[in-house]
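J.: This is the structure I want to talk about, given as structure tokens.
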Amino acid sequence: MPSLIAEHAEAGAWIEEQRQALSQHRAFVRIEGCVIWTDNRGPDGDEPVPLDPRSIIEEINTDGWPLLIGHDPGRPSGRVMAARLFTTANGRRFAAAVAGFYGAEARMRFAEFGLPEALDDTPPATLPPLPNDFGFQIATDPREVAAEWIDQVMHDAPVEVIRHDLSHNAAEPLQELIRFVWPYILVVWNPFVTTIAKEGGKDAYAALHKWLRKFLTRLSEKKNPIVELQSHQRDCLVSFLFRGKNIERHYAAHDALSTAGVQAARLIDHLRTRGVKPRTLVYEFEPDLKKWYPSFAELSDGRIVTDLNILIAFENLPCCLSIGLVRHDDPRAR
């Protein structure tokens, strides 16, 4: 597909223009052009990325798209920063894009922001009741996680489940990514401390957490699952990752989720007091310590903050890079 750019003078000139514009970006050590969509079809007649390219381009140009290794939310490699649709002389359409790649030498560490040794993890004393029409979202790529399996595990969810299809632009599925979107109040709820402002509201919180715990048990049936529990706090997308099929580990992670949610909120507040706004924050679970920890954060100016060696030099990146696209045009309610 790179030949499409080489053979299209306007696309090549546009990419070079974008590369120059991004050359001073504080987070990227390398800028590359690529093709993220074409209208060609495979042997089975299906499009490689079955999405309207205009929606892809609009979202990339609005806020960028994370570039991940094997679509793993905990393994960022860069960000797709700009995209544009082109048409070849013979009528073939393709979307060219410009991606910036992170490097370890450009990262920052959490310690640089003067984090206190222990963030306050006291849960809120009171939370509002969940709305009567409350539901949550789940998104998967049907090429990785069978729709029939999702039907089975969702049938007894205590609230409405809105389903979306993901489309991972990766040659081979290395993980089975299952993404939930929950409100932050549901993350930080603690059954032993928190009270609900309305009588009976506690039952709704408890039912959802009981269901989530049961769902985590079903991960033992998958090959290499990753559950990403997404939520928003103060304009920051916060993700908590449950990795693998070890059920006891998942139970421990679930039991510690409320504490992690409170600490993540405190971390966001602390960073903002230091003059930076995190746009994404990822937490992972350390089974030996039975604690969640911040894996990495992306700031509003694009810089990366991490204390881990999760960034890979561009020359050593695997071929299975992916952008996680959500088919918002095809929601399905249970």
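Residues in the structure tokens are named by chain (A, B, ... in the order shown) and by number from 1 within that chain; ligands are numbered from 1 in the order shown.
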What parts of range 81-175 of chain A does DSSP call alpha helix (DSSP H)? I'd like the answer as a list of chain:residue names.

T.: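 Those in range 81-175 of chain A that DSSP calls alpha helix (DSSP H) are A:Ala147, A:Glu148, A:Trp149, A:Ile150, A:Asp151, A:Gln152, A:Val153, A:Met154.
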
J.: Which one of A:Leu281, A:Leu4, A:Ala206, A:Ile196 sits closest to Asn90 in chain A if you count only C-alpha atoms?

T.: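 Result for the nearest residue to Asn90 in chain A: A:Leu4.
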
J.: As a list in words, please: the residues near Ala21 in chain A (cut-off 12 Å, only C-alpha atoms, same-chain neighbours under 3 positions excluded).

T.: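 Answer for this query is Trp14, Ile15, Glu16, Glu17, Gln18, Gln24, His25, Ile31, Met81, Ala82, Val98, Ala99 and Gly100 of chain A.
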
J.: Using only C-alpha atoms, find the one residue out of A:Gln152, A:Ser300, A:Ser77, A:Ser220 that sits nearest to Tyr102 in chain A.

T.: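 Looking at the shortest contact to Tyr102 in chain A, the residue is A:Ser77.
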
J.: Under the rule that only C-alpha atoms are counted, which of A:Thr280, A:Gln175, A:Thr217, A:Asn61 is the nearest residue to His232 in chain A?

T.: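 The closest residue to His232 in chain A is A:Thr280.
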
J.: Looking at only C-alpha atoms, which of A:Ala83, A:Phe215, A:Phe94, A:Arg243 is the one that sits closest to Glu59 in chain A?

T.: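 Between A:Ala83, A:Phe215, A:Phe94, A:Arg243, the residue approaching Glu59 in chain A most closely is A:Ala83.
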